[in-house]
Amino acid sequence: MRISEHIVDFQILGKSSILLDMIEDTGRNAQRVGELQNKMQKIIKRDHLYYWIPEEEGLSANGDI
């Protein structure tokens with residue numbers, strides 16, 4: 001899903017849109033975390049909430065999501 005120039009995996013609509021990315025856990029790679037934090041800052045400025053979770057957590061918790 002595209003939000004402005006950003007692509008996210010999921011969008012939950014509500015009073016504030018919640019955007020979610022499922023990422024490959026690369027051992028908390030500092031560069032990747034920096035990229036995600038920059039993306040988050042830009043998305044938050046557009047009045048959305050933004051989260052990312054490792055794919056393994058999302059797949060193991062699919063019944064809880």
# chains A, B, ... in the order shown; residues from 1 in each chain; ligands from 1
>>> residues_around(residues="Leu19 (chain A)", least_positions_apart="2", cutoff="7 Å", atoms="only C-alpha atoms", output="mmCIF file with N, CA and C atoms, in the first residue's frame")
data_model
loop_
_atom_site.group_PDB
_atom_site.id
_atom_site.type_symbol
_atom_site.label_atom_id
_atom_site.label_comp_id
_atom_site.auth_asym_id
_atom_site.auth_seq_id
_atom_site.Cartn_x
_atom_site.Cartn_y
_atom_site.Cartn_z
ATOM 1 N N VAL A 8 3.835 0.681 2.610
ATOM 2 C CA VAL A 8 3.694 -0.066 3.849
ATOM 3 C C VAL A 8 2.950 -1.364 3.552
ATOM 4 N N PHE A 10 0.564 -2.901 5.689
ATOM 5 C CA PHE A 10 -0.827 -2.900 6.138
ATOM 6 C C PHE A 10 -1.240 -1.502 6.573
ATOM 7 N N GLN A 11 -2.541 -1.201 6.406
ATOM 8 C CA GLN A 11 -3.117 0.033 6.921
ATOM 9 C C GLN A 11 -4.396 -0.322 7.655
ATOM 10 N N ILE A 12 -4.511 0.155 8.887
ATOM 11 C CA ILE A 12 -5.712 -0.050 9.683
ATOM 12 C C ILE A 12 -6.392 1.305 9.779
ATOM 13 N N SER A 17 -5.067 6.701 11.065
ATOM 14 C CA SER A 17 -4.641 5.499 10.360
ATOM 15 C C SER A 17 -3.410 4.923 11.040
ATOM 16 N N ASP A 21 4.492 -2.194 9.021
ATOM 17 C CA ASP A 21 5.408 -2.914 8.151
ATOM 18 C C ASP A 21 5.905 -4.150 8.875
ATOM 19 N N LEU A 49 -0.154 6.826 12.566
ATOM 20 C CA LEU A 49 0.682 6.067 13.494
ATOM 21 C C LEU A 49 1.430 5.037 12.667
ATOM 22 N N TYR A 50 2.670 4.731 13.045
ATOM 23 C CA TYR A 50 3.479 3.799 12.254
ATOM 24 C C TYR A 50 4.234 2.866 13.178
ATOM 25 N N TYR A 51 4.182 1.583 12.861
ATOM 26 C CA TYR A 51 4.892 0.556 13.626
ATOM 27 C C TYR A 51 5.539 -0.422 12.674
#
>>> closest_residue(among="A:Pro54, A:Ile7, A:Asp47, A:Glu35", to="Met22 (chain A)", atoms="only C-alpha atoms")
A:Pro54
>>> residues_around(residues="Glu24 (chain A)", least_positions_apart="4", cutoff="9 Å", atoms="only C-alpha atoms", output="ChimeraX atom specification")
/A:53-56
>>> atom_distance(atom1="CA of Ser16 (chain A)", atom2="CA of Lys42 (chain A)")
15.1 Å
